[in-house]
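Asks: This is the structure I want to talk about, given as structure tokens.
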Amino acid sequence: MSPTKEEILLKLREILVESFQLAPEQITLEAQLFTDLDLDSIDAVELAIQLQGYTGHRVKAEAFKHVRTVDDVVEAVRAMLQSA
Amino acid sequence: MLLHRHCPRLRQAGKVLLSGVLFTLLGLGGLGLSLLVVPVLGLLPGGRAGLGRRARWLIHHCFRLFLWALEAGGILRVEARGMPGPEALRGTLLLCNHPSYLDVVVLVGLMPTALCVVKQAVYRSFWFGGLVRAAGYLPIGSAPLLQAGLDALHGGQTLILFPEGTRSTPGRPIRCLRGAAHLALAGARVLPLVLDCSPALLAKGHRWYHVPIETCRFQVRAGGATPFDPLAVAGTTPPLAARRLTEALESYYNKEAYVTDQGRDPA
């Protein structure tokens, strides 16, 4: 049974709050990672490491190539969990 | 000149005229050097490094001339304090707050060989982009900037970086981007410089014709201790460490720099 979209968002929110000092209410599905949430390339590496810990899979670079919003990350994680 | 002293309005008009002439020269001079001189410099021996060295020498001397005209015209007066010599600055990352458009002119005028980190708009500029690229300046927004910056520092270059990424907004606290913190975390040796320009001159929102009637006192001083607090980052991940160091840098500049409230509304 793979987690629902809501469950993935909850986990992602937890990771973003802890890793990047963000406020939980900033993290909506529409929020843009690199503008609204002010993440940079070094943060992206950290996010990949954290998601790796969550999914238990290696996060492939191409899965995250076109990620722009929180929703994109949720979808990428869901695809990863389903394909496994 | 006597007339100037007795007629403030004429003095003001003279300064605005001089500012217009100098800005025009900056653009045309930049274009002329980019189109005519840079290709010739590229033919001289020494390859890419040689071209960079000569282009930086050229920019340094043009800015010296520019500063001489600004000082002679009573627009500004540069006062540098506690600046280490070029040898001591090798391999050093200079962080500077950014009160004025002329900051880079003053800094490069003081330091003949320094490399600057510049905005894409400057790197791609129609007017002086050719010269900027020849000088080997590093553009923001290209992915390997962090590595390029570290390589330059390890190679003994002096790197000038404005951590705010753009000019300060007059009357508002200084806010920094995280690039400076990332370089410091990667081991760069950092020297903070504090720039003060009073009254404000060519601050954010100003146009070339916004020239104060008084001579602006343009101070550059080398800060003392590092603005980065190593205790702030003990035992954290790189993203959190960068955020804590950036906060430390912001509070350093908000304490050290005279935050001018004399900005004008954009015309």
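Each chain in the structure tokens gets a letter, A, B and so on, in the order shown; residues start at 1 in every chain, and ligands are counted from 1 in the order they appear.
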Going by DSSP on the backbone, which residues of chain A come out as helix (DSSP H, G or I)? List them as a PyMOL selection string.

Replies: chain A and resi 5-20+24-26+41-55+61-64+70-83

Asks: List as a tab-separated table every residue of chain B that is in contact with chain A, defined as an atom at most 9 Å from one of its atoms (using only C-alpha atoms), together with the nearest atom pair and the distance in Å rounded to one decimal, sorted by chain and then rising number.

Replies:
residue	atom	partner	partner_atom	distance
B:Ala143	CA	A:Ser41	CA	8.2
B:Arg178	CA	A:Asp40	CA	8.5
B:His182	CA	A:Ile42	CA	8.5
B:Thr237	CA	A:Ser19	CA	7.6
B:Pro238	CA	A:Ile42	CA	7.5
B:Pro239	CA	A:Asp43	CA	5.5
B:Leu240	CA	A:Phe20	CA	6.0
B:Arg243	CA	A:Phe20	CA	7.9

Asks: Take the selection from the previous step and output its residues with N, CA, C and O atoms, as a PDB file, in the first residue's frame.

Replies:
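selection-v9.pdb, freshly written:
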ATOM      1  N   ALA B 143      25.334  27.928 -13.155  1.00  0.00           N
ATOM      2  CA  ALA B 143      25.306  26.897 -12.120  1.00  0.00           C
ATOM      3  C   ALA B 143      26.631  26.714 -11.374  1.00  0.00           C
ATOM      4  O   ALA B 143      26.634  26.628 -10.158  1.00  0.00           O
ATOM      5  N   ARG B 178      22.626  33.677  -0.091  1.00  0.00           N
ATOM      6  CA  ARG B 178      23.418  32.699   0.643  1.00  0.00           C
ATOM      7  C   ARG B 178      24.742  32.320  -0.017  1.00  0.00           C
ATOM      8  O   ARG B 178      25.506  31.521   0.524  1.00  0.00           O
ATOM      9  N   HIS B 182      27.922  30.018   1.434  1.00  0.00           N
ATOM     10  CA  HIS B 182      28.346  28.758   0.820  1.00  0.00           C
ATOM     11  C   HIS B 182      29.854  28.771   0.554  1.00  0.00           C
ATOM     12  O   HIS B 182      30.543  27.775   0.781  1.00  0.00           O
ATOM     13  N   THR B 237      23.334  20.768   9.122  1.00  0.00           N
ATOM     14  CA  THR B 237      23.468  20.370   7.718  1.00  0.00           C
ATOM     15  C   THR B 237      23.872  21.598   6.895  1.00  0.00           C
ATOM     16  O   THR B 237      23.669  22.730   7.341  1.00  0.00           O
ATOM     17  N   PRO B 238      24.414  21.400   5.692  1.00  0.00           N
ATOM     18  CA  PRO B 238      24.827  22.556   4.884  1.00  0.00           C
ATOM     19  C   PRO B 238      23.726  23.604   4.662  1.00  0.00           C
ATOM     20  O   PRO B 238      24.008  24.801   4.785  1.00  0.00           O
ATOM     21  N   PRO B 239      22.461  23.206   4.377  1.00  0.00           N
ATOM     22  CA  PRO B 239      21.442  24.258   4.178  1.00  0.00           C
ATOM     23  C   PRO B 239      21.210  25.104   5.422  1.00  0.00           C
ATOM     24  O   PRO B 239      21.095  26.324   5.331  1.00  0.00           O
ATOM     25  N   LEU B 240      21.165  24.463   6.603  1.00  0.00           N
ATOM     26  CA  LEU B 240      20.948  25.238   7.826  1.00  0.00           C
ATOM     27  C   LEU B 240      22.165  26.083   8.159  1.00  0.00           C
ATOM     28  O   LEU B 240      22.039  27.240   8.570  1.00  0.00           O
ATOM     29  N   ARG B 243      22.137  29.153   6.123  1.00  0.00           N
ATOM     30  CA  ARG B 243      21.132  30.124   6.594  1.00  0.00           C
ATOM     31  C   ARG B 243      21.613  30.845   7.860  1.00  0.00           C
ATOM     32  O   ARG B 243      21.457  32.058   7.981  1.00  0.00           O
TER      33      ARG B 243
END

Asks: My list of candidates is B:Arg54, B:Arg207, B:His154, B:Lys255. Which is closest to Ala134 (chain B) when distances are computed with only C-alpha atoms?

Replies: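 For Ala134 (chain B), the nearest of the given residues is B:Arg54.
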
Asks: Between A:Gln50, A:Arg13, A:Leu33, A:Arg78, which one has atoms that come closest to Ala63 (chain A), using only C-alpha atoms?

Replies: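 Checking each of A:Gln50, A:Arg13, A:Leu33, A:Arg78 against Ala63 (chain A), counting only C-alpha atoms, the winner is A:Arg78.
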
Asks: Could you pull out all residues of region 20-123 of chain B with a DSSP call of strand (DSSP E or B) and give them as a ChimeraX atom specification?

Replies: /B:76-81,92-96,115-118

Asks: Neighbours of Gln157 (chain B) within 12 Å (only C-alpha atoms; same-chain residues fewer than 6 positions away dropped), as a ChimeraX atom specification?

Replies: /B:49,52-53,56,86-94,111-116,136-137,148-151,188-189

Asks: Calculated over only C-alpha atoms, which of the candidates A:Arg68, A:Glu62, A:Ala79, A:Ile8 has the smallest distance to Glu30 (chain A)?

Replies: A:Arg68

Asks: Using only C-alpha atoms, which residue out of A:Val67, A:Val59, A:Ala76, A:Ile27 lies closest to Glu14 (chain A)?

Replies: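 Result for the nearest residue to Glu14 (chain A): A:Ile27.
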
Asks: Could you tell me which of A:Leu9, A:Leu22, A:Ala31, A:Val17 comes closest to Glu75 (chain A) if we count only C-alpha atoms?

Replies: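 Residue with the minimum atom-to-atom distance to Glu75 (chain A): A:Leu9.
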
Asks: Separation of CA of Phe23 (chain B) and CA of Ile75 (chain B), in Å?

Replies: 13.2 Å

Asks: Quick one: distance from CA of Ile213 (chain B) to CA of Gln12 (chain B) in Å, one decimal?

Replies: 5.4 Å

Asks: How many Å lie between CA of Pro99 (chain B) and CA of Cys7 (chain B), rounded to one decimal?

Replies: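 The value is 29.2 Å.
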
Asks: At a cut-off of 10 Å, using only C-alpha atoms, what residues contact Leu245 (chain B)? Leave out same-chain residues fewer than 3 positions from it and give the result as a short mmCIF file (atom, residue, chain, number, x, y, z; two decimals) with C-alpha atoms, in the first residue's frame.

Replies:
data_model
loop_
_atom_site.label_atom_id
_atom_site.label_comp_id
_atom_site.auth_asym_id
_atom_site.auth_seq_id
_atom_site.Cartn_x
_atom_site.Cartn_y
_atom_site.Cartn_z
CA ARG B 178 23.42 32.70 0.64
CA ALA B 180 28.79 34.19 0.44
CA ALA B 181 27.94 31.70 3.20
CA HIS B 182 28.35 28.76 0.82
CA ALA B 184 32.78 30.49 3.47
CA LEU B 185 31.52 27.01 4.37
CA PRO B 227 31.34 38.36 10.22
CA PHE B 228 30.69 34.63 10.33
CA ASP B 229 30.06 32.94 13.64
CA PRO B 230 31.38 29.36 13.57
CA LEU B 231 29.39 28.47 16.69
CA ALA B 232 26.21 29.25 14.79
CA VAL B 233 26.77 26.32 12.46
CA LEU B 240 20.95 25.24 7.83
CA ALA B 241 24.58 26.26 8.22
CA ALA B 242 24.29 28.54 5.18
CA ALA B 248 25.16 36.44 11.04
CA LEU B 249 26.39 38.36 7.97
CA GLU B 250 23.18 40.38 7.80
CA SER B 251 23.38 41.37 11.45
#
